[in-house]
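J.: Shown below is the structure under consideration.
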Amino acid sequence: MDAEHLKRLEGKEIAHIPAILSEFNTKYADLLVFDTFHTDNQWHDLWLAIFSILDDAELSRLHTQCLNTVRILTRDEFSLQTNYIEQEVNSLLRLARIDAGSSLKLPATPDNLTEEETETKVPESQPTDAQWEIISEALKCLCNLVYQSADCRRQCLRLHCLDAILKRVASSMRHSSALEYYDMKLLFLLTALEPAARTRLQIDLNGLTYMTKWLDDKLSEPSCTEEQLGIICELLKVMFNVTSAPDKSPNEHEIQSLHLTGVLRELLLRFGQLATEKERSVVTHAINLLTNISGSCLTELTLKCSNVDGQQQQGQEASAKPGKCCALCFEKRNVRCLAVLLHYLRQTLAQQETEASSHELLSPVLTVLIKCARSDRIMRHYLRLEILPPLRDVSQRPEVGQELRNHLCRFLTLPAMILRDLSAELLFVLCKEDVGRMIKYTGYGNAAGLFAKRGILDCRRVEGADYSSDSEDSDTEEYKQQQQGINPVLGCVEPKLKHNPLDDLSEEQKEYEALQLVNLIEQLRQGGIVQPALIDKDGKPQPLEHILQLQEELPQQQLEQKRKT
C-alpha cells in the first residue's frame, strides 16, 4: 500500500476509504508471504490505521471491509509475534461480542440457562444482517490470531471467551449459520492448541453437556443444509478435543458419555447413507469422537427392538436379515448403527483401493469396531457374522478378494503398524481370541505377527480371555469337504503340483540341495537380512546364533506335534 493511501486511512477520509480497502482486499486476497510489508514498518502502520477505524462506532458501515483487511494481515505470523497487539485483540473480541470479561456466569446445565432466560424479562435485541456480518468477520480474524499466536490464545482464556461462546451457542436466540460455524471453529482452535481450554470447557463450564444438548437440537431439525452439516462437523471436532483427556470422575464421565453415545447413534442413523461428501464428513467426525468413548458406553449404539414378534420371543434363530420389528434386527437388538459403521468401512476401503488414500480414515472405525466387539456379546456376534461369515470357498488365500475379511487379512502384513495391529486385534477378538479360529480364517502366515507379539506362536491358549462360552462357529458342508486339504499356513487348499521336482533327485542330491539352502540362509543371517528364531517357553521368537540350531530342536517339535494330533 502506498504512502498516500495509508495517510488517507490514518486521516479517516471517508470518501476514499471504501475504494482503498476494496482495492487492497482484492489485490491481496490470497497473500501468504508478507516480506514487502516488513519494510518501512508498513504492516504495523496499516494495522493501527485499520483499528483506528474499527474503534470508531460512527464508521460502523466500514467495519466489514476493515475486518477483511485485518483477516489478511493476521496471516503474517512474524508481524504478530513482533508487535504488541493486545489492545487490538480486545477490539476484535468486542466486535465478535465475546468480550465476556469476569462478569459472565454460565449456569451449570442447559436447563438452568433456559430457566434463567425465561426469568429475564428484557428480551435481547436481535442483531441486523450487517451486524451479523461484522460479528462473523471478527470471528474469522480471531481464528487466524488464535492459530498464529499463543499470547492471543491465553488472552482469550483470561477474558472468558469460552464462557461467552458457550452461552451464545446454548441460548434460545437464533443466530446466523456463519456465526455458529465460526464460533465452533474458534472453539476448536482454542481446545486443540491450548490444553487449559480443554480443562476449563469440560470441568469448569460443563461444556460437554451443553454441546451434547446443542448437537441433539441440531439433529431434531427436520432438514440439514450443507451449512448446518459444516457446523455439526466443527462441533464434533470440538467435542473430540474435549473428550481426548477426560478429567472428570469416572461416574460423571460415564453418565455424560452414555447420553453422548445415544445422540451419536441418532446422528449415524440419520446420515449413515453417506449420500453426500458433507454427510460422509459428519459420520467421519462422529466415528472419531466414538474412539474417545469408553467401551461400556458403546452398548447405547444398539437398542432393544420394541416390537419383537412372538416367534422371535420364543427363541427363533436370529439372522442378520432385516426383521419385522425394526430396520435391522439381530438377536432382538436393532443393529442398524453397526451396519452404518460397516458400510462406512466398506466405502473407505473401496476409496483407498482406487485413490491410494491415507490409512487415517480406517484407524478410527476399526478402533470403534474393536471396542464394540469387546464390550457386548450381541455386537460381537453381529460383527463376526458380517466380517467372518462361515467359510465355504477355501480355494483362494484369505487375503485374496474384496470382502471385509480379505481386506483385513491383507492389512495383517502391512508395514503400517497402526493399521496392521488394529486389523489383527479386530479379527482376533471376533475369533474370541482363539488361536485355532484365527488360523482358520486368516492362515497362520498372516497371523504370525500377532501371535509373535502376544507370545502365542506355539498356538497356546490366551490367558485371561473373557468371552461367553456359547459356540458360534459352525462349519459349512462345503468347508468340511475341503478341510483335510487346507494348508493352515496359507489358510486355503494348496493347489497340487503337477510334478514334484524333488521326485527326480537322488537322496544325495536332495542332501546337497538342503545344505545349499542352509548355507544361503546363514549368509542372509550374517548379513542382517533375516533372523532365524525358535519359539521359546513364553511363546515368543528367540533369535538363533546359527541356522543349524533349528536341526537340534526338530525332534522335540515333531514330538509335540504328534501329541497335538
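Starting from 1 in every chain, residues are counted up; chains themselves are A, B, ... following the order of the C-alpha cells, and ligands are numbered from 1 as listed.
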Excluding same-chain residues fewer than 5 positions from Gln549 of chain A, what lies within 12 Å of it counting only C-alpha atoms, as a PDB file with N, CA, C and O atoms, in the first residue's frame?

T.:
```pdb
ATOM      1  N   VAL A 518      20.757 -74.288   3.580  1.00  0.00           N
ATOM      2  CA  VAL A 518      21.233 -73.890   4.910  1.00  0.00           C
ATOM      3  C   VAL A 518      22.297 -72.808   4.793  1.00  0.00           C
ATOM      4  O   VAL A 518      22.289 -71.807   5.529  1.00  0.00           O
ATOM      5  N   GLU A 522      22.139 -68.966   6.151  1.00  0.00           N
ATOM      6  CA  GLU A 522      23.166 -68.488   7.076  1.00  0.00           C
ATOM      7  C   GLU A 522      23.798 -67.203   6.560  1.00  0.00           C
ATOM      8  O   GLU A 522      24.095 -66.286   7.336  1.00  0.00           O
ATOM      9  N   PRO A 532      16.750 -65.948  11.825  1.00  0.00           N
ATOM     10  CA  PRO A 532      16.067 -67.196  12.191  1.00  0.00           C
ATOM     11  C   PRO A 532      15.852 -67.254  13.700  1.00  0.00           C
ATOM     12  O   PRO A 532      16.644 -66.727  14.491  1.00  0.00           O
ATOM     13  N   ALA A 533      14.774 -67.897  14.099  1.00  0.00           N
ATOM     14  CA  ALA A 533      14.436 -67.939  15.524  1.00  0.00           C
ATOM     15  C   ALA A 533      13.681 -69.212  15.853  1.00  0.00           C
ATOM     16  O   ALA A 533      13.131 -69.880  14.974  1.00  0.00           O
ATOM     17  N   LEU A 534      13.690 -69.542  17.119  1.00  0.00           N
ATOM     18  CA  LEU A 534      12.888 -70.634  17.663  1.00  0.00           C
ATOM     19  C   LEU A 534      11.845 -70.051  18.610  1.00  0.00           C
ATOM     20  O   LEU A 534      11.999 -68.920  19.097  1.00  0.00           O
ATOM     21  N   GLN A 542      12.801 -66.531  19.656  1.00  0.00           N
ATOM     22  CA  GLN A 542      14.109 -66.349  20.286  1.00  0.00           C
ATOM     23  C   GLN A 542      15.182 -66.465  19.201  1.00  0.00           C
ATOM     24  O   GLN A 542      15.301 -67.508  18.564  1.00  0.00           O
ATOM     25  N   PRO A 543      15.963 -65.414  18.939  1.00  0.00           N
ATOM     26  CA  PRO A 543      16.960 -65.460  17.856  1.00  0.00           C
ATOM     27  C   PRO A 543      17.979 -66.585  18.041  1.00  0.00           C
ATOM     28  O   PRO A 543      18.350 -66.939  19.159  1.00  0.00           O
ATOM     29  N   LEU A 544      18.423 -67.160  16.916  1.00  0.00           N
ATOM     30  CA  LEU A 544      19.427 -68.225  16.927  1.00  0.00           C
ATOM     31  C   LEU A 544      20.804 -67.662  16.623  1.00  0.00           C
ATOM     32  O   LEU A 544      20.957 -66.663  15.926  1.00  0.00           O
ATOM     33  N   LEU A 554      14.417 -79.971  16.064  1.00  0.00           N
ATOM     34  CA  LEU A 554      13.443 -80.642  15.213  1.00  0.00           C
ATOM     35  C   LEU A 554      12.783 -81.853  15.876  1.00  0.00           C
ATOM     36  O   LEU A 554      11.556 -81.999  15.831  1.00  0.00           O
ATOM     37  N   PRO A 555      13.538 -82.772  16.523  1.00  0.00           N
ATOM     38  CA  PRO A 555      12.883 -83.941  17.152  1.00  0.00           C
ATOM     39  C   PRO A 555      11.840 -83.537  18.195  1.00  0.00           C
ATOM     40  O   PRO A 555      10.760 -84.140  18.272  1.00  0.00           O
TER      41      PRO A 555
END
```

J.: From the DSSP assignment of the backbone, select every residue of segment 232-304 of chain A that is helix (DSSP H, G or I), and format the answer as an NGL selection string.

T.: :A and (232-243 or 250-271 or 277-290 or 295-301)

J.: Give me the residues near Asp183 of chain A as a ChimeraX atom specification, where near means some atom within 12 Å (using only C-alpha atoms) and where sequence neighbours in that chain fewer than 4 positions away do not count.

T.: /A:93,96-98,135-143,161-170,175-179,187-190,231-232,234-235,238

J.: Could those residues be written to a file, using N, CA and C atoms, as an mmCIF file, in the first residue's frame?

T.:
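again.cif, freshly written:
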```cif
data_model
loop_
_atom_site.group_PDB
_atom_site.id
_atom_site.type_symbol
_atom_site.label_atom_id
_atom_site.label_comp_id
_atom_site.auth_asym_id
_atom_site.auth_seq_id
_atom_site.Cartn_x
_atom_site.Cartn_y
_atom_site.Cartn_z
ATOM 1 N N LEU A 93 -12.516 -8.914 20.014
ATOM 2 C CA LEU A 93 -13.426 -9.636 20.922
ATOM 3 C C LEU A 93 -14.714 -8.843 21.137
ATOM 4 N N ALA A 96 -16.763 -9.161 18.000
ATOM 5 C CA ALA A 96 -17.333 -10.510 17.895
ATOM 6 C C ALA A 96 -18.327 -10.803 19.010
ATOM 7 N N ARG A 97 -18.471 -9.842 19.946
ATOM 8 C CA ARG A 97 -19.410 -9.947 21.068
ATOM 9 C C ARG A 97 -19.110 -11.159 21.953
ATOM 10 N N ILE A 98 -17.834 -11.391 22.180
ATOM 11 C CA ILE A 98 -17.445 -12.439 23.128
ATOM 12 C C ILE A 98 -16.451 -11.887 24.145
ATOM 13 N N ILE A 135 -19.852 -9.468 13.109
ATOM 14 C CA ILE A 135 -19.509 -10.465 14.127
ATOM 15 C C ILE A 135 -18.772 -11.640 13.488
ATOM 16 N N SER A 136 -19.280 -12.118 12.349
ATOM 17 C CA SER A 136 -18.655 -13.262 11.672
ATOM 18 C C SER A 136 -17.251 -12.926 11.191
ATOM 19 N N GLU A 137 -17.082 -11.730 10.620
ATOM 20 C CA GLU A 137 -15.753 -11.333 10.130
ATOM 21 C C GLU A 137 -14.773 -11.181 11.288
ATOM 22 N N ALA A 138 -15.245 -10.666 12.425
ATOM 23 C CA ALA A 138 -14.361 -10.545 13.595
ATOM 24 C C ALA A 138 -13.944 -11.925 14.094
ATOM 25 N N LEU A 139 -14.865 -12.875 14.052
ATOM 26 C CA LEU A 139 -14.527 -14.246 14.460
ATOM 27 C C LEU A 139 -13.480 -14.860 13.524
ATOM 28 N N LYS A 140 -13.583 -14.584 12.224
ATOM 29 C CA LYS A 140 -12.577 -15.089 11.282
ATOM 30 C C LYS A 140 -11.194 -14.560 11.646
ATOM 31 N N CYS A 141 -11.130 -13.272 11.968
ATOM 32 C CA CYS A 141 -9.835 -12.682 12.357
ATOM 33 C C CYS A 141 -9.301 -13.328 13.622
ATOM 34 N N LEU A 142 -10.187 -13.562 14.595
ATOM 35 C CA LEU A 142 -9.762 -14.195 15.842
ATOM 36 C C LEU A 142 -9.283 -15.620 15.610
ATOM 37 N N CYS A 143 -9.908 -16.326 14.671
ATOM 38 C CA CYS A 143 -9.449 -17.684 14.351
ATOM 39 C C CYS A 143 -8.011 -17.660 13.857
ATOM 40 N N CYS A 161 -13.542 -16.043 27.005
ATOM 41 C CA CYS A 161 -14.194 -16.183 25.702
ATOM 42 C C CYS A 161 -14.955 -17.497 25.599
ATOM 43 N N LEU A 162 -14.406 -18.546 26.214
ATOM 44 C CA LEU A 162 -15.092 -19.835 26.172
ATOM 45 C C LEU A 162 -16.488 -19.726 26.771
ATOM 46 N N ASP A 163 -16.595 -19.014 27.873
ATOM 47 C CA ASP A 163 -17.890 -18.844 28.533
ATOM 48 C C ASP A 163 -18.873 -18.144 27.604
ATOM 49 N N ALA A 164 -18.398 -17.059 26.960
ATOM 50 C CA ALA A 164 -19.283 -16.266 26.108
ATOM 51 C C ALA A 164 -19.751 -17.062 24.895
ATOM 52 N N ILE A 165 -18.832 -17.802 24.274
ATOM 53 C CA ILE A 165 -19.203 -18.590 23.096
ATOM 54 C C ILE A 165 -20.184 -19.683 23.488
ATOM 55 N N LEU A 166 -19.914 -20.360 24.604
ATOM 56 C CA LEU A 166 -20.779 -21.455 25.033
ATOM 57 C C LEU A 166 -22.182 -20.943 25.370
ATOM 58 N N LYS A 167 -22.252 -19.780 26.006
ATOM 59 C CA LYS A 167 -23.564 -19.219 26.341
ATOM 60 C C LYS A 167 -24.311 -18.816 25.077
ATOM 61 N N ARG A 168 -23.587 -18.258 24.102
ATOM 62 C CA ARG A 168 -24.246 -17.863 22.855
ATOM 63 C C ARG A 168 -24.755 -19.092 22.105
ATOM 64 N N VAL A 169 -23.966 -20.150 22.113
ATOM 65 C CA VAL A 169 -24.371 -21.377 21.428
ATOM 66 C C VAL A 169 -25.617 -21.978 22.076
ATOM 67 N N ALA A 170 -25.661 -21.944 23.406
ATOM 68 C CA ALA A 170 -26.748 -22.610 24.121
ATOM 69 C C ALA A 170 -27.983 -21.741 24.294
ATOM 70 N N HIS A 175 -29.227 -17.634 15.659
ATOM 71 C CA HIS A 175 -28.041 -16.974 15.119
ATOM 72 C C HIS A 175 -27.843 -17.395 13.673
ATOM 73 N N SER A 176 -27.072 -16.593 12.957
ATOM 74 C CA SER A 176 -26.798 -16.931 11.560
ATOM 75 C C SER A 176 -25.893 -18.161 11.492
ATOM 76 N N SER A 177 -25.979 -18.884 10.381
ATOM 77 C CA SER A 177 -25.157 -20.095 10.220
ATOM 78 C C SER A 177 -23.671 -19.757 10.232
ATOM 79 N N ALA A 178 -23.311 -18.628 9.609
ATOM 80 C CA ALA A 178 -21.896 -18.239 9.562
ATOM 81 C C ALA A 178 -21.361 -17.993 10.960
ATOM 82 N N LEU A 179 -22.163 -17.341 11.804
ATOM 83 C CA LEU A 179 -21.709 -17.065 13.171
ATOM 84 C C LEU A 179 -21.530 -18.365 13.948
ATOM 85 N N LEU A 187 -13.704 -22.225 18.871
ATOM 86 C CA LEU A 187 -13.635 -23.174 19.980
ATOM 87 C C LEU A 187 -12.706 -24.335 19.660
ATOM 88 N N PHE A 188 -12.785 -24.816 18.423
ATOM 89 C CA PHE A 188 -11.929 -25.942 18.024
ATOM 90 C C PHE A 188 -10.462 -25.563 18.120
ATOM 91 N N LEU A 189 -10.094 -24.393 17.606
ATOM 92 C CA LEU A 189 -8.691 -23.976 17.634
ATOM 93 C C LEU A 189 -8.204 -23.775 19.064
ATOM 94 N N LEU A 190 -9.043 -23.184 19.903
ATOM 95 C CA LEU A 190 -8.637 -22.969 21.299
ATOM 96 C C LEU A 190 -8.436 -24.301 22.027
ATOM 97 N N ILE A 231 -21.430 -26.960 10.376
ATOM 98 C CA ILE A 231 -21.433 -26.589 11.799
ATOM 99 C C ILE A 231 -21.332 -27.833 12.668
ATOM 100 N N ILE A 232 -22.094 -28.873 12.304
ATOM 101 C CA ILE A 232 -22.057 -30.125 13.078
ATOM 102 C C ILE A 232 -20.655 -30.725 13.049
ATOM 103 N N GLU A 234 -17.777 -29.130 12.795
ATOM 104 C CA GLU A 234 -16.924 -28.359 13.700
ATOM 105 C C GLU A 234 -17.249 -28.657 15.161
ATOM 106 N N LEU A 235 -18.539 -28.817 15.461
ATOM 107 C CA LEU A 235 -18.946 -29.141 16.830
ATOM 108 C C LEU A 235 -18.384 -30.495 17.254
ATOM 109 N N VAL A 238 -14.756 -30.176 18.143
ATOM 110 C CA VAL A 238 -14.554 -29.598 19.484
ATOM 111 C C VAL A 238 -14.779 -30.661 20.557
#
```

J.: Rounded to one decimal, what separation in Å do you get between atom CA of Asn144 of chain A and atom CA of Leu67 of chain A?

T.: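 Calculated distance between atom CA of Asn144 of chain A and atom CA of Leu67 of chain A is 12.0 Å.
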
J.: List every residue of segment 363-496 of chain A that DSSP, applied to the backbone, labels as strand (DSSP E or B), and write the result as an MDAnalysis selection string.

T.: chainID A and resid 486:487 492:493

J.: Print the selection's residues with C-alpha atoms to a file, as a PDB file, in the first residue's frame.

T.:
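result-v1.pdb, written as the output of this step:
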```
ATOM      1  CA  ILE A 486      -6.305 -76.964   3.708  1.00  0.00           C
ATOM      2  CA  ASN A 487      -2.764 -75.721   4.300  1.00  0.00           C
ATOM      3  CA  CYS A 492      -6.587 -72.297   1.840  1.00  0.00           C
ATOM      4  CA  VAL A 493      -6.451 -75.524  -0.149  1.00  0.00           C
TER       5      VAL A 493
END
```

J.: Env of segment 239-241 of chain A: 7 Å cut, atoms = only C-alpha atoms, seq-sep filter 4 positions within chain, self excluded. Answer as a PyMOL selection string.

T.: chain A and resi 191-192+198+208+235+289

J.: Only N, CA, C and O atoms, please: the residues just picked out, written as a tab-separated table (two decimals), in the first residue's frame.

T.:
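Wrote it out as part.tsv, contents follow:
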```tsv
chain	number	residue	atom	x	y	z
A	191	THR	N	-9.36	-25.24	21.84
A	191	THR	CA	-9.24	-26.52	22.55
A	191	THR	C	-8.16	-27.42	21.95
A	191	THR	O	-7.61	-28.27	22.65
A	192	ALA	N	-7.85	-27.22	20.66
A	192	ALA	CA	-6.81	-28.04	20.04
A	192	ALA	C	-5.42	-27.57	20.43
A	192	ALA	O	-4.51	-28.38	20.61
A	198	ARG	N	-9.27	-26.96	27.15
A	198	ARG	CA	-10.00	-28.22	27.23
A	198	ARG	C	-10.46	-28.48	28.66
A	198	ARG	O	-11.60	-28.90	28.90
A	208	LEU	N	-19.31	-30.22	27.83
A	208	LEU	CA	-19.74	-31.40	27.06
A	208	LEU	C	-21.26	-31.56	27.13
A	208	LEU	O	-21.90	-31.93	26.14
A	235	LEU	N	-18.54	-28.82	15.46
A	235	LEU	CA	-18.95	-29.14	16.83
A	235	LEU	C	-18.38	-30.49	17.25
A	235	LEU	O	-17.87	-30.65	18.38
A	289	LEU	N	-15.06	-39.23	17.29
A	289	LEU	CA	-15.49	-38.94	18.66
A	289	LEU	C	-15.78	-40.23	19.42
A	289	LEU	O	-15.48	-40.34	20.62
```

J.: Could you give me, as a compact mmCIF listing (two decimals) with N, CA, C and O atoms, in the first residue's frame, the residues within 12 Å of Ser395 of chain A, counting only C-alpha atoms and dropping anything in the same chain fewer than 5 positions from it?

T.:
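This went into selection_6.txt:
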```txt
# COMPACT_ATOMS: atom_id res chain seq x y z
N VAL A 400 -7.04 -62.77 -0.56
CA VAL A 400 -7.46 -62.56 -1.94
C VAL A 400 -8.98 -62.36 -1.97
O VAL A 400 -9.73 -63.18 -1.47
N GLY A 401 -9.41 -61.23 -2.55
CA GLY A 401 -10.84 -60.96 -2.65
C GLY A 401 -11.17 -59.56 -2.18
O GLY A 401 -10.30 -58.79 -1.77
N GLU A 478 -19.57 -77.31 2.69
CA GLU A 478 -18.50 -77.09 1.70
C GLU A 478 -17.13 -77.06 2.37
O GLU A 478 -16.15 -77.60 1.85
N TYR A 479 -17.06 -76.41 3.56
CA TYR A 479 -15.79 -76.32 4.27
C TYR A 479 -15.35 -77.69 4.77
O TYR A 479 -14.17 -78.06 4.67
N GLN A 481 -15.91 -80.58 3.53
CA GLN A 481 -15.45 -81.42 2.44
C GLN A 481 -14.01 -81.10 2.04
O GLN A 481 -13.28 -81.98 1.57
N GLN A 482 -13.59 -79.85 2.25
CA GLN A 482 -12.24 -79.44 1.82
C GLN A 482 -11.28 -79.30 2.99
O GLN A 482 -10.10 -78.99 2.78
N GLN A 483 -11.75 -79.53 4.19
CA GLN A 483 -10.96 -79.23 5.39
C GLN A 483 -9.63 -79.98 5.42
O GLN A 483 -8.60 -79.41 5.82
N GLY A 485 -7.71 -80.86 3.09
CA GLY A 485 -6.70 -80.40 2.13
C GLY A 485 -6.22 -78.99 2.37
O GLY A 485 -5.42 -78.45 1.58
N ILE A 486 -6.67 -78.36 3.46
CA ILE A 486 -6.30 -76.96 3.71
C ILE A 486 -4.90 -76.89 4.30
O ILE A 486 -4.57 -77.60 5.25
N ASN A 487 -4.09 -76.01 3.74
CA ASN A 487 -2.76 -75.72 4.30
C ASN A 487 -2.95 -74.65 5.38
O ASN A 487 -3.30 -73.51 5.06
N LEU A 490 -1.17 -71.24 4.76
CA LEU A 490 -1.75 -70.38 3.73
C LEU A 490 -3.20 -70.02 4.03
O LEU A 490 -3.68 -68.98 3.59
N GLY A 491 -3.90 -70.89 4.73
CA GLY A 491 -5.31 -70.65 5.01
C GLY A 491 -6.23 -71.03 3.87
O GLY A 491 -7.36 -70.57 3.80
N CYS A 492 -5.76 -71.87 2.97
CA CYS A 492 -6.59 -72.30 1.84
C CYS A 492 -6.10 -73.67 1.37
O CYS A 492 -5.08 -74.18 1.84
N VAL A 493 -6.86 -74.26 0.44
CA VAL A 493 -6.45 -75.52 -0.15
C VAL A 493 -5.28 -75.25 -1.09
O VAL A 493 -5.39 -74.44 -2.02
N GLU A 494 -4.16 -75.90 -0.81
CA GLU A 494 -2.97 -75.66 -1.63
C GLU A 494 -3.10 -76.43 -2.94
O GLU A 494 -3.36 -77.64 -2.93
N PRO A 495 -2.96 -75.76 -4.06
CA PRO A 495 -3.08 -76.46 -5.35
C PRO A 495 -1.99 -77.53 -5.49
O PRO A 495 -0.82 -77.29 -5.15
N LYS A 496 -2.39 -78.69 -5.98
CA LYS A 496 -1.43 -79.79 -6.13
C LYS A 496 -0.52 -79.53 -7.34
O LYS A 496 -0.98 -79.14 -8.40
```

J.: Please identify all polymer residues within 9 Å of segment 17-28 of chain A, counting only C-alpha atoms, omitting same-chain residues fewer than 6 positions from it, and present them as a PyMOL selection string.

T.: chain A and resi 1+5-6+8-9+62+65-66+68-69+72

J.: Go ahead and save the residues from that selection, with N, CA, C and O atoms, as a short mmCIF file (atom, residue, chain, number, x, y, z; two decimals), in the first residue's frame.

T.:
```
data_model
loop_
_atom_site.label_atom_id
_atom_site.label_comp_id
_atom_site.auth_asym_id
_atom_site.auth_seq_id
_atom_site.Cartn_x
_atom_site.Cartn_y
_atom_site.Cartn_z
N MET A 1 0.85 -1.19 0.00
CA MET A 1 0.00 0.00 0.00
C MET A 1 0.89 1.24 0.00
O MET A 1 1.82 1.34 0.81
N HIS A 5 -2.29 6.38 0.24
CA HIS A 5 -3.44 5.61 0.70
C HIS A 5 -3.40 5.41 2.21
O HIS A 5 -4.43 5.51 2.90
N LEU A 6 -2.22 5.11 2.73
CA LEU A 6 -2.08 4.90 4.16
C LEU A 6 -2.40 6.18 4.93
O LEU A 6 -3.06 6.14 5.98
N ARG A 8 -4.45 8.53 4.01
CA ARG A 8 -5.90 8.75 3.97
C ARG A 8 -6.62 7.84 4.96
O ARG A 8 -7.64 8.22 5.55
N LEU A 9 -6.12 6.63 5.14
CA LEU A 9 -6.70 5.74 6.14
C LEU A 9 -6.49 6.29 7.54
O LEU A 9 -7.40 6.28 8.38
N LEU A 62 -18.09 0.86 7.62
CA LEU A 62 -16.81 0.47 7.01
C LEU A 62 -16.18 -0.73 7.72
O LEU A 62 -15.13 -1.22 7.29
N GLN A 65 -15.40 -4.12 5.70
CA GLN A 65 -14.23 -4.02 4.83
C GLN A 65 -12.94 -4.00 5.66
O GLN A 65 -11.94 -4.63 5.29
N CYS A 66 -12.97 -3.26 6.76
CA CYS A 66 -11.78 -3.19 7.62
C CYS A 66 -11.42 -4.57 8.17
O CYS A 66 -10.24 -4.94 8.22
N ASN A 68 -12.06 -7.44 6.81
CA ASN A 68 -11.47 -8.22 5.71
C ASN A 68 -9.98 -7.95 5.59
O ASN A 68 -9.17 -8.86 5.37
N THR A 69 -9.61 -6.67 5.74
CA THR A 69 -8.19 -6.30 5.69
C THR A 69 -7.44 -6.89 6.88
O THR A 69 -6.32 -7.41 6.73
N ILE A 72 -6.62 -10.51 6.41
CA ILE A 72 -5.44 -10.73 5.56
C ILE A 72 -4.16 -10.48 6.36
O ILE A 72 -3.20 -11.27 6.29
#
```

J.: So which one's closest to Leu145 of chain A, A:Ala447, A:Leu73, A:Ile529, A:Leu505? Using only C-alpha atoms, please.

T.: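 Selected residue with least distance to Leu145 of chain A: A:Leu73.
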
J.: Would you compute the distance between atom CA of Glu300 of chain A and atom CA of Arg377 of chain A? Give it in Å to one decimal.

T.: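 The value is 13.5 Å.
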